[in-house]
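Undergrad: Handing you a structure now.
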Amino acid sequence: MKDGKWLEPRYTSKEIFEKDYPKMDFSGMEVKCPGCKNPVPLNRKSNALKLAGWCKQCNRAVHI
């Protein structure tokens, strides 16, 4: 499993993150959260087709 990186700019809430990454993608991979090292599924896709996920424990967006 690859190590993830924090998504910049930092999203202050999951609702704002979901507006920028509106599409669901359940075929995405999992990465390790850079903070807590838990697996985070990259299940959100932006209009530019970039993948990202939300770490529930750290409350931050993660990408590759």
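Every chain in the structure tokens takes a letter, A first, then B, and so on in the order presented; its residues are numbered from 1, and the ligands are numbered from 1 following the presented order.
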Which residues come within 12 Å of Ile64 in chain A, counting only C-alpha atoms, excluding same-chain residues fewer than 2 positions away, as an mmCIF file with N, CA and C atoms, in the first residue's frame?
TA:
```
data_model
loop_
_atom_site.group_PDB
_atom_site.id
_atom_site.type_symbol
_atom_site.label_atom_id
_atom_site.label_comp_id
_atom_site.auth_asym_id
_atom_site.auth_seq_id
_atom_site.Cartn_x
_atom_site.Cartn_y
_atom_site.Cartn_z
ATOM 1 N N MET A 1 0.847 -1.171 0.000
ATOM 2 C CA MET A 1 0.000 0.000 0.000
ATOM 3 C C MET A 1 0.899 1.243 0.000
ATOM 4 N N LYS A 2 0.581 2.181 -0.860
ATOM 5 C CA LYS A 2 1.356 3.418 -0.971
ATOM 6 C C LYS A 2 1.042 4.363 0.174
ATOM 7 N N ASP A 3 2.006 5.230 0.468
ATOM 8 C CA ASP A 3 1.779 6.295 1.453
ATOM 9 C C ASP A 3 1.061 7.445 0.768
ATOM 10 N N GLY A 4 0.036 7.961 1.409
ATOM 11 C CA GLY A 4 -0.696 9.099 0.875
ATOM 12 C C GLY A 4 -0.071 10.416 1.296
ATOM 13 N N LYS A 5 -0.605 11.490 0.765
ATOM 14 C CA LYS A 5 -0.159 12.845 1.098
ATOM 15 C C LYS A 5 -1.396 13.676 1.427
ATOM 16 N N TRP A 6 -1.206 14.696 2.246
ATOM 17 C CA TRP A 6 -2.313 15.601 2.526
ATOM 18 C C TRP A 6 -2.673 16.347 1.246
ATOM 19 N N LEU A 7 -3.944 16.542 1.033
ATOM 20 C CA LEU A 7 -4.418 17.288 -0.121
ATOM 21 C C LEU A 7 -4.342 18.778 0.205
ATOM 22 N N GLU A 8 -3.717 19.537 -0.655
ATOM 23 C CA GLU A 8 -3.587 20.991 -0.473
ATOM 24 C C GLU A 8 -4.418 21.706 -1.521
ATOM 25 N N GLY A 28 -11.463 2.838 -6.735
ATOM 26 C CA GLY A 28 -10.197 3.481 -6.371
ATOM 27 C C GLY A 28 -9.373 2.638 -5.424
ATOM 28 N N MET A 29 -8.115 2.984 -5.303
ATOM 29 C CA MET A 29 -7.196 2.254 -4.443
ATOM 30 C C MET A 29 -7.214 2.816 -3.030
ATOM 31 N N GLU A 30 -6.471 2.181 -2.143
ATOM 32 C CA GLU A 30 -6.307 2.669 -0.778
ATOM 33 C C GLU A 30 -4.872 3.114 -0.584
ATOM 34 N N VAL A 31 -4.693 4.150 0.214
ATOM 35 C CA VAL A 31 -3.362 4.636 0.582
ATOM 36 C C VAL A 31 -3.309 4.779 2.094
ATOM 37 N N LYS A 32 -2.095 4.872 2.637
ATOM 38 C CA LYS A 32 -1.933 5.106 4.069
ATOM 39 C C LYS A 32 -2.051 6.593 4.345
ATOM 40 N N CYS A 33 -2.808 6.939 5.349
ATOM 41 C CA CYS A 33 -2.921 8.334 5.780
ATOM 42 C C CYS A 33 -1.562 8.782 6.299
ATOM 43 N N PRO A 34 -1.083 9.966 5.899
ATOM 44 C CA PRO A 34 0.217 10.424 6.387
ATOM 45 C C PRO A 34 0.233 10.752 7.881
ATOM 46 N N VAL A 40 -6.887 4.596 3.826
ATOM 47 C CA VAL A 40 -7.923 5.537 3.394
ATOM 48 C C VAL A 40 -8.279 5.194 1.948
ATOM 49 N N PRO A 41 -9.535 4.824 1.669
ATOM 50 C CA PRO A 41 -9.917 4.559 0.273
ATOM 51 C C PRO A 41 -10.039 5.861 -0.508
ATOM 52 N N LEU A 42 -9.478 5.884 -1.699
ATOM 53 C CA LEU A 42 -9.591 7.049 -2.575
ATOM 54 C C LEU A 42 -10.872 6.889 -3.379
ATOM 55 N N LYS A 50 -9.089 13.661 -10.732
ATOM 56 C CA LYS A 50 -8.121 13.395 -9.677
ATOM 57 C C LYS A 50 -8.821 12.645 -8.551
ATOM 58 N N LEU A 51 -8.138 11.656 -7.979
ATOM 59 C CA LEU A 51 -8.696 10.850 -6.899
ATOM 60 C C LEU A 51 -8.253 11.373 -5.539
ATOM 61 N N ALA A 52 -9.138 11.261 -4.565
ATOM 62 C CA ALA A 52 -8.829 11.648 -3.189
ATOM 63 C C ALA A 52 -9.780 10.917 -2.248
ATOM 64 N N GLY A 53 -9.444 10.922 -0.992
ATOM 65 C CA GLY A 53 -10.285 10.307 0.029
ATOM 66 C C GLY A 53 -10.237 11.133 1.299
ATOM 67 N N ALA A 61 -8.305 15.558 4.042
ATOM 68 C CA ALA A 61 -8.328 14.932 2.718
ATOM 69 C C ALA A 61 -6.946 14.383 2.388
ATOM 70 N N VAL A 62 -6.932 13.204 1.748
ATOM 71 C CA VAL A 62 -5.695 12.504 1.392
ATOM 72 C C VAL A 62 -5.728 12.167 -0.094
#
```
Undergrad: Determine which residues of chain A DSSP labels as strand (DSSP E) from the backbone of this structure, then write them out as a count of residues only.
TA: 23
Undergrad: List the neighbours of Leu49 in chain A out to 12 Å using only C-alpha atoms; skip same-chain residues closer than 3 positions along the sequence, and give me the result as a PyMOL selection string.
TA: chain A and resi 20-25+28+42-46+52
Undergrad: From a backbone DSSP assignment, name each residue in chain A labelled helix (DSSP H, G or I), as a list in words.
TA: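 In chain A, DSSP puts these residues in helix (DSSP H, G or I): Lys14, Glu15, Ile16, Phe17, Glu18, Lys19 and Asp20 of chain A.
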